[in-house]
Structure formats: C-alpha cells, structure tokens
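In what follows, a single structure is set out as structure tokens and then discussed.
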Amino acid sequence: MTFDLVIRGGRVIDPANGLDQTTDIAFKAGKVAAIGSDADGSASEVIHAEGLLVTPGLIDLHTHIYWGGTSLGVDPDTYMSKTGCTTLVDAGSAGPANFHGFRSHIVEPAKSRVLAYINASFAGIFAFSPAVMVGESGDIRLLNPNEVVRVAKEHSDVIVGVKVRVGLVASDGIGAAPLDIAIEAADALGLPVMAHLDNPPPSRTEVLSRMRPGDVLTHCYRPFPAAPTRANGEVRDEILEARERGIIFDIGHGKGSFCWDVAGEMLDAGLPPHSISSDVHMMSAEGPAFDQLVTLSKFLHLGMDIPDIIRASTTGPAEAIGRPELGSISVGNAGDVTLLRVDEGAFPLTDANGVTVEARRRFGLAGFVRNGEWYRG
C-alpha cells in the first residue's frame with residue numbers, strides 16, 4: 001500500500017490503546033491509516049523517529065488563545081508550532097457576547113484544532129493584564145445562564161463545557177454564586193464545568209461540594225491559600241472526597257497555580273493529576289509556566305513516569321472534553337501525533353512561588369503531524 005507519510009522506528013506511547021513499543025505509524029488522506037507491520041509499504045514522505053517518543057497529538061486542556069480579541073490571548077498556531085499540541089482547548093476566554101468572534105477569527109482559520117469552554121460571564125475574560133485586572137465574575141449581572149445556553153447550542157460542535165472563575169480576584173469575593181449559575185447552565189447543556197478557584201472566598205469546600213462527577217477543577221496543585229494540602233503535607237479531606245466522586249483534577253499552571261511542594265505531596269499521596277495543562281496566556285507565557293512542554297517537564301523532574309505524563313496530556317484531557325478519539329492513535333482517527341525528545345542537561349524550572357529547581361531532563365519538540373501533514377520542530 002502507498003501512504004502519504006510514515007513515521008518509522010519511534011517509541012510509540014499510546015495509553016488509550018495500551019501501546020508502548022517501537023513501531024511505525026502511517027498516514028493517508030489526513031488520517032491514521034496503519035500501525036505496526038500494517039504500515040509497511042512505500043510513502044511519499046518518511047520520518048525516521050529512532051530515539052524519539054511518538055505520542056497522540058498532545059492536548060493542552062487549559063489555554064487562552066483568543067489572540068487579538070482579549071488582552072490575555074496568545075496565537076494558537078504559533079503555540080502549536082512551539083509545543084506540538086495539536087488540540088488546544090480555550091478555557092473561557094470568550095463568553096456569550098463574543099464567542100461568535102472567537103469562532104470566526106480563531107477557531108475556523110486555525111491550523112490547530114481549537115475547542116473551547118464558554119465563559120459563564122457574558123463578556124468573557126475582558127480585563128486580564130499587568131495594567132488592568134478586573135474579574136469577569138464579580139458583577140453578577142454579567143452571569144446570565146440563558147445566554148450561555150443559547151450561544152453554546154449555536155456552537156455545540158466546538159464548545160466542550162462551561163468555564164467559571166471564582167475567588168477574591170476573579171469574582172470579587174462574592175462567594176459561590178457564579179459557580180451555581182455556571183452549573184445550572186451546564187446542566188441544561190449536558191456539559192461539564194471547569195472551575196477556577198484563586199484566593200478564597202469561596203472556600204475549597206464550597207466549590208468542590210457543588211461540583212459534579214466529570215467537572216474539572218483546574219489549578220489543582222496551586223499554592224496556599226486554597227492549596228489541596230495542609231501545612232503538614234496531608235491531603236485535605238474535601239480533596240479526597242472530590243476525587244472519589246469523579247471530579248477531574250487539572251493542573252492549569254499559569255502565572256500562579258503550580259507549587260513544587262504541593263505537587264510533591266499530591267504525587268506522594270498517589271494523587272497524580274488527571275490532566276496536565278499550561279494555562280498559557282500573555283503573562284504566563286513569559287514564565288513560570290511558559291508552555292505545555294515546560295509544564296510536562298516539571299512532572300518529569302518530579303519523577304512521574306513518562307507514559308503517565310503522556311496520558312495526562314492525551315487520554316486524560318480527551319476524556320475530560322468528551323472527545324476520547326483525540327487522545328489515541330487508532331486507524332481512522334485524525335492524523336495527529338507529536339514527536340518528543342527527552343533532553344539531558346541542567347534546566348532551571350520555576351514554580352508560582354518563585355522556587356527554582358535544576359532539572360536533569362526535559363521534553364523537547366522534534367516535530368508533529370497535524371491532519372497527516374508533517375511539521376518539523
């Protein structure tokens with residue numbers, strides 16, 4: 001058989017299919033056409049991937065990519081080219097008032113696959129910058145569940161859930177009311193909520209007790225206050241109960257939401273994240289998150305096994321958004337894979353508290369395939 005592209009000799013890690021072995025992947029007409037011995041045959045283009053990790057196209061579950069439409073947005077295709085993340089999920093940059101523009105100017109022209117949580121606030125995240133910071137959930141008049149449902153139904157092919165930000169910064173300390181409104185809208189849509197919590201109020205317990213199985217708690221390894229662990233390192237009871245109920249824990253590193261101590265305590269307790277995401281935006285792109293590969297590298301430094309890290313950037317987020325096919329390399333699926341190096345050296349990595357460690361390994365991008373087309377890293 002003749003293929004358009006074949007990736008040969010890489011270590012293919014596909015947690016969804018239980019695959020971790022050296023093998024080949026072939027692509028034709030923008031889709032995965034064959035795996036393993038079935039990929040034997042001629043090809044218009046062959047990429048030799050010996051010594052590289054070959055994974056399903058990486059998914060960044062928490063990004064802000066409404067470039068030009070919000071103050072915090074980064075360009076999605078520039079970000080894909082830098083990280084090899086073929087699926088980018090925007091975490092509520094746009095609300096009902098401006099989601100049509102987000103679709104027209106970002107989703108449709110992007111070479112990357114762009115999906116989104118619609119913000120529960122009518123205006124979306126409208127004032128997030130070093131100079132101006134106004135939480136979009138602070139004015140309850142902006143939270144209209146009827147508008148969320150109306151617009152989400154119009155864009156149901158790209159909207160995967162409802163995003164709400166609560167806390168002293170994002171909702172001016174008015175408590176859990178914005179979360180209640182977001183959940184009401186999500187219930188009507190049959191979709192999950194992604195909840196952000198910065199500094200209380202509301203408290204962890206107020207937020208987690210309202211969340212439903214399949215909802216996503218982002219910033220799940222954030223530092224004090226609202227950290228998931230106590231000062232002595234013990235995991236809080238409400239965190240254990242929420243995970244037992246099926247709440248999905250997402251990193252959402254960003255500018256202020258990842259702490260080395262908390263991450264170590266959670267991993268030591270056997271509570272790895274379901275999803276590792278960057279929360280990339282105009283400020284966090286300058287550090288300490290930088291991007292998805294830097295965020296993944298922090299878990300490599302923490303000792304998390306490579307297949308588990310890959311799972312948390314493929315299978316985990318794909319399940320969270322109800323698109324499991326995006327997290328696997330299966331014949332007939334979209335032709336998206338990411339090729340990674342594991343570089344060795346001395347690499348400084350910094351958390352949200354400014355604590356820097358020297359890592360001996362980090363992930364680097366060798367290239368990626370999007371819709372069957374090869375892009376060199």
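Just so we're on the same page: first chain in the structure tokens is A, next is B, and so on; residues restart at 1 for each chain, and ligands are numbered from 1 in the order they show up.
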
Need the shell around segment 126-136 of chain A: protein/DNA/RNA residues with any atom at most 10 Å away, counting only C-alpha atoms. Skip same-chain ones fewer than 4 positions apart. Format as JSON, numbers by chain? {"A": [69, 70, 71, 72, 73, 93, 94, 95, 119, 120, 121, 122, 140, 142, 143, 164, 165, 166, 167, 168, 169, 170, 171, 172, 173, 178, 281, 282, 283]}

Take the residues from that selection and write them out as a PDB file, in the first residue's frame, keeping C-alpha atoms.
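Okay, this is what ended up in part_3.pdb:
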ATOM      1  CA  GLY A  69      -9.860  39.556  20.947  1.00  0.00           C
ATOM      2  CA  THR A  70      -8.739  39.550  24.583  1.00  0.00           C
ATOM      3  CA  SER A  71      -5.758  41.028  26.398  1.00  0.00           C
ATOM      4  CA  LEU A  72      -4.569  37.612  27.554  1.00  0.00           C
ATOM      5  CA  GLY A  73      -4.707  35.642  24.287  1.00  0.00           C
ATOM      6  CA  SER A  93     -11.603  33.479  27.123  1.00  0.00           C
ATOM      7  CA  ALA A  94     -14.875  34.164  25.290  1.00  0.00           C
ATOM      8  CA  GLY A  95     -18.358  34.403  26.750  1.00  0.00           C
ATOM      9  CA  ASN A 119     -17.295  31.525  29.911  1.00  0.00           C
ATOM     10  CA  ALA A 120     -20.293  31.790  32.218  1.00  0.00           C
ATOM     11  CA  SER A 121     -19.760  35.560  32.209  1.00  0.00           C
ATOM     12  CA  PHE A 122     -21.348  37.367  29.267  1.00  0.00           C
ATOM     13  CA  ILE A 140     -23.452  39.060  38.933  1.00  0.00           C
ATOM     14  CA  LEU A 142     -22.974  39.507  33.664  1.00  0.00           C
ATOM     15  CA  LEU A 143     -23.815  35.899  34.555  1.00  0.00           C
ATOM     16  CA  VAL A 164     -16.280  29.848  35.552  1.00  0.00           C
ATOM     17  CA  ARG A 165     -13.682  31.698  37.602  1.00  0.00           C
ATOM     18  CA  VAL A 166     -14.377  32.305  41.277  1.00  0.00           C
ATOM     19  CA  GLY A 167     -12.296  33.718  44.090  1.00  0.00           C
ATOM     20  CA  LEU A 168     -11.180  37.008  45.543  1.00  0.00           C
ATOM     21  CA  VAL A 169      -9.654  38.096  42.205  1.00  0.00           C
ATOM     22  CA  ALA A 170     -11.972  36.544  39.623  1.00  0.00           C
ATOM     23  CA  SER A 171     -15.306  37.142  41.367  1.00  0.00           C
ATOM     24  CA  ASP A 172     -14.526  39.937  43.838  1.00  0.00           C
ATOM     25  CA  GLY A 173     -15.109  37.604  46.774  1.00  0.00           C
ATOM     26  CA  PRO A 178     -21.115  32.392  39.875  1.00  0.00           C
ATOM     27  CA  HIS A 281      -1.680  33.324  28.328  1.00  0.00           C
ATOM     28  CA  MET A 282       0.217  36.525  27.578  1.00  0.00           C
ATOM     29  CA  MET A 283       1.663  36.746  31.093  1.00  0.00           C
TER      30      MET A 283
END

Report as a count of residues only all protein, DNA and RNA residues lying within 7 Å of segment 51-63 of chain A, evaluated on only C-alpha atoms, omitting residues in the same chain fewer than 3 positions from it. 32

Enumerate, as a PyMOL selection string, the complete set of residues in segment 132-322 of chain A that a backbone-based DSSP assignment places in alpha helix (DSSP H). chain A and resi 145-154+177-189+204-210+237-245+260-268+292-301+306-311+315-320

Output C-alpha atoms of each residue in that selection to a file, as a tab-separated table (two decimals), in the first residue's frame.
chain	number	residue	atom	x	y	z
A	145	PRO	CA	-27.39	31.25	32.17
A	146	ASN	CA	-29.97	31.71	29.39
A	147	GLU	CA	-27.37	33.45	27.23
A	148	VAL	CA	-24.75	30.78	27.97
A	149	VAL	CA	-27.16	28.04	26.89
A	150	ARG	CA	-28.32	29.90	23.80
A	151	VAL	CA	-24.85	30.58	22.44
A	152	ALA	CA	-23.44	27.20	23.47
A	153	LYS	CA	-26.17	25.45	21.48
A	154	GLU	CA	-25.28	27.54	18.43
A	177	ALA	CA	-22.96	32.24	43.25
A	178	PRO	CA	-21.11	32.39	39.87
A	179	LEU	CA	-20.36	28.67	40.15
A	180	ASP	CA	-24.01	27.91	40.89
A	181	ILE	CA	-25.05	29.82	37.76
A	182	ALA	CA	-22.41	28.07	35.63
A	183	ILE	CA	-23.54	24.65	36.84
A	184	GLU	CA	-27.16	25.49	36.08
A	185	ALA	CA	-26.21	26.39	32.50
A	186	ALA	CA	-24.01	23.30	32.17
A	187	ASP	CA	-26.82	21.08	33.46
A	188	ALA	CA	-29.12	22.43	30.77
A	189	LEU	CA	-26.48	21.71	28.12
A	204	ARG	CA	-12.36	24.81	48.53
A	205	THR	CA	-15.22	23.03	50.25
A	206	GLU	CA	-17.84	25.42	48.89
A	207	VAL	CA	-16.54	24.88	45.37
A	208	LEU	CA	-15.90	21.14	45.46
A	209	SER	CA	-19.17	20.27	47.20
A	210	ARG	CA	-21.09	21.81	44.30
A	237	ASP	CA	-10.46	15.55	53.21
A	238	GLU	CA	-12.54	17.54	50.73
A	239	ILE	CA	-9.93	16.84	48.02
A	240	LEU	CA	-10.01	13.11	48.67
A	241	GLU	CA	-13.80	13.11	48.65
A	242	ALA	CA	-13.96	15.08	45.40
A	243	ARG	CA	-11.59	12.73	43.60
A	244	GLU	CA	-13.58	9.77	44.87
A	245	ARG	CA	-16.74	11.34	43.40
A	260	TRP	CA	6.62	22.26	43.88
A	261	ASP	CA	5.81	21.31	47.48
A	262	VAL	CA	2.12	20.75	46.79
A	263	ALA	CA	2.87	18.76	43.64
A	264	GLY	CA	5.26	16.51	45.51
A	265	GLU	CA	2.79	15.97	48.34
A	266	MET	CA	-0.04	15.09	45.96
A	267	LEU	CA	2.10	12.67	43.96
A	268	ASP	CA	3.44	11.07	47.16
A	292	GLN	CA	2.92	22.81	27.78
A	293	LEU	CA	6.33	21.19	27.27
A	294	VAL	CA	7.83	23.12	30.19
A	295	THR	CA	4.82	22.15	32.31
A	296	LEU	CA	5.18	18.48	31.36
A	297	SER	CA	8.92	18.68	32.09
A	298	LYS	CA	8.14	19.67	35.68
A	299	PHE	CA	6.39	16.35	36.18
A	300	LEU	CA	9.32	14.55	34.58
A	301	HIS	CA	11.52	16.20	37.22
A	306	ILE	CA	6.76	9.15	31.02
A	307	PRO	CA	3.71	7.07	29.96
A	308	ASP	CA	1.71	8.61	32.82
A	309	ILE	CA	2.79	12.12	31.78
A	310	ILE	CA	1.75	11.38	28.21
A	311	ARG	CA	-1.59	10.03	29.45
A	315	THR	CA	-6.08	10.41	27.15
A	316	GLY	CA	-6.92	12.39	30.30
A	317	PRO	CA	-7.89	15.68	28.67
A	318	ALA	CA	-9.57	13.89	25.75
A	319	GLU	CA	-11.86	12.12	28.20
A	320	ALA	CA	-12.49	15.36	30.11

Go through segment 185-325 of chain A and collect every residue that DSSP, computed from the backbone, puts in strand (DSSP E); the answer should be as a VMD selection string. chain A and resid 193 to 197 216 to 217 248 to 249

Write the residues you've just listed into a file as a PDB file, in the first residue's frame, and include C-alpha atoms for each of them.
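See result_22.pdb below for the written result:
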ATOM      1  CA  VAL A 193     -17.965  22.795  34.197  1.00  0.00           C
ATOM      2  CA  MET A 194     -14.334  23.815  34.505  1.00  0.00           C
ATOM      3  CA  ALA A 195     -13.940  25.759  37.760  1.00  0.00           C
ATOM      4  CA  HIS A 196     -11.083  28.110  38.620  1.00  0.00           C
ATOM      5  CA  LEU A 197     -10.515  28.999  42.266  1.00  0.00           C
ATOM      6  CA  VAL A 216     -12.930  19.851  36.117  1.00  0.00           C
ATOM      7  CA  LEU A 217     -11.123  21.578  38.977  1.00  0.00           C
ATOM      8  CA  ILE A 248     -11.281  15.740  37.309  1.00  0.00           C
ATOM      9  CA  PHE A 249      -8.105  17.401  38.581  1.00  0.00           C
TER      10      PHE A 249
END

I need the residue nearest Ala269 of chain A from this list: A:Ile47, A:Ala334, A:Val342, A:Val235. Use only C-alpha atoms for the distance.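 Among the listed residues, A:Val235 lies closest to Ala269 of chain A.
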
With distances taken over only C-alpha atoms, which residue among A:Arg8, A:His100, A:His64, A:Arg370 lies nearest Lys163 of chain A? A:His64

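Taking atom CA of His253 of chain A as the reference point, atom CA of Pro15 of chain A is found at 23.0 Å.
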
Within 7 Å of segment 105-110 of chain A using only C-alpha atoms, minus same-chain residues under 3 positions, as a ChimeraX atom specification: /A:66,76-77,101-102,113-114

Within 10 Å of Ile321 of chain A, counting only C-alpha atoms, which residues qualify if same-chain residues fewer than 5 places away don't, as a list in words?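 So the residues in contact are Leu61, Val89, Leu115, Ala116, Tyr117, Ile159, Val160, Gly161, Leu191, Pro192, Gly214, Asp215, Val216, Gly316 and Leu326 of chain A.
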
Kindly save the residues from that selection, with C-alpha atoms included, as an mmCIF file, in the first residue's frame.
data_model
loop_
_atom_site.group_PDB
_atom_site.id
_atom_site.type_symbol
_atom_site.label_atom_id
_atom_site.label_comp_id
_atom_site.auth_asym_id
_atom_site.auth_seq_id
_atom_site.Cartn_x
_atom_site.Cartn_y
_atom_site.Cartn_z
ATOM 1 C CA LEU A 61 -6.749 21.427 28.182
ATOM 2 C CA VAL A 89 -8.828 23.950 24.478
ATOM 3 C CA LEU A 115 -12.157 23.674 21.116
ATOM 4 C CA ALA A 116 -13.466 25.783 23.966
ATOM 5 C CA TYR A 117 -15.187 26.169 27.280
ATOM 6 C CA ILE A 159 -17.926 24.026 22.897
ATOM 7 C CA VAL A 160 -16.947 21.298 25.367
ATOM 8 C CA GLY A 161 -18.094 22.842 28.637
ATOM 9 C CA LEU A 191 -21.819 19.545 29.628
ATOM 10 C CA PRO A 192 -19.160 19.716 32.367
ATOM 11 C CA GLY A 214 -16.871 14.856 35.270
ATOM 12 C CA ASP A 215 -16.497 18.514 36.216
ATOM 13 C CA VAL A 216 -12.930 19.851 36.117
ATOM 14 C CA GLY A 316 -6.920 12.387 30.303
ATOM 15 C CA LEU A 326 -8.477 12.765 20.141
#

Atom-to-atom span, atom CA of Gly354 of chain A and atom CA of Pro223 of chain A, Å: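 A separation of 11.3 Å between them.
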
If you count only C-alpha atoms, the residue of A:His48, A:Val331, A:Ile251, A:Arg103 closest to Asp157 of chain A turns out to be A:Arg103

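For the choices A:Val158, A:Cys220, A:Ala231, A:Val357, the atom-to-atom distance to Pro272 of chain A is smallest for A:Cys220 when using only C-alpha atoms.
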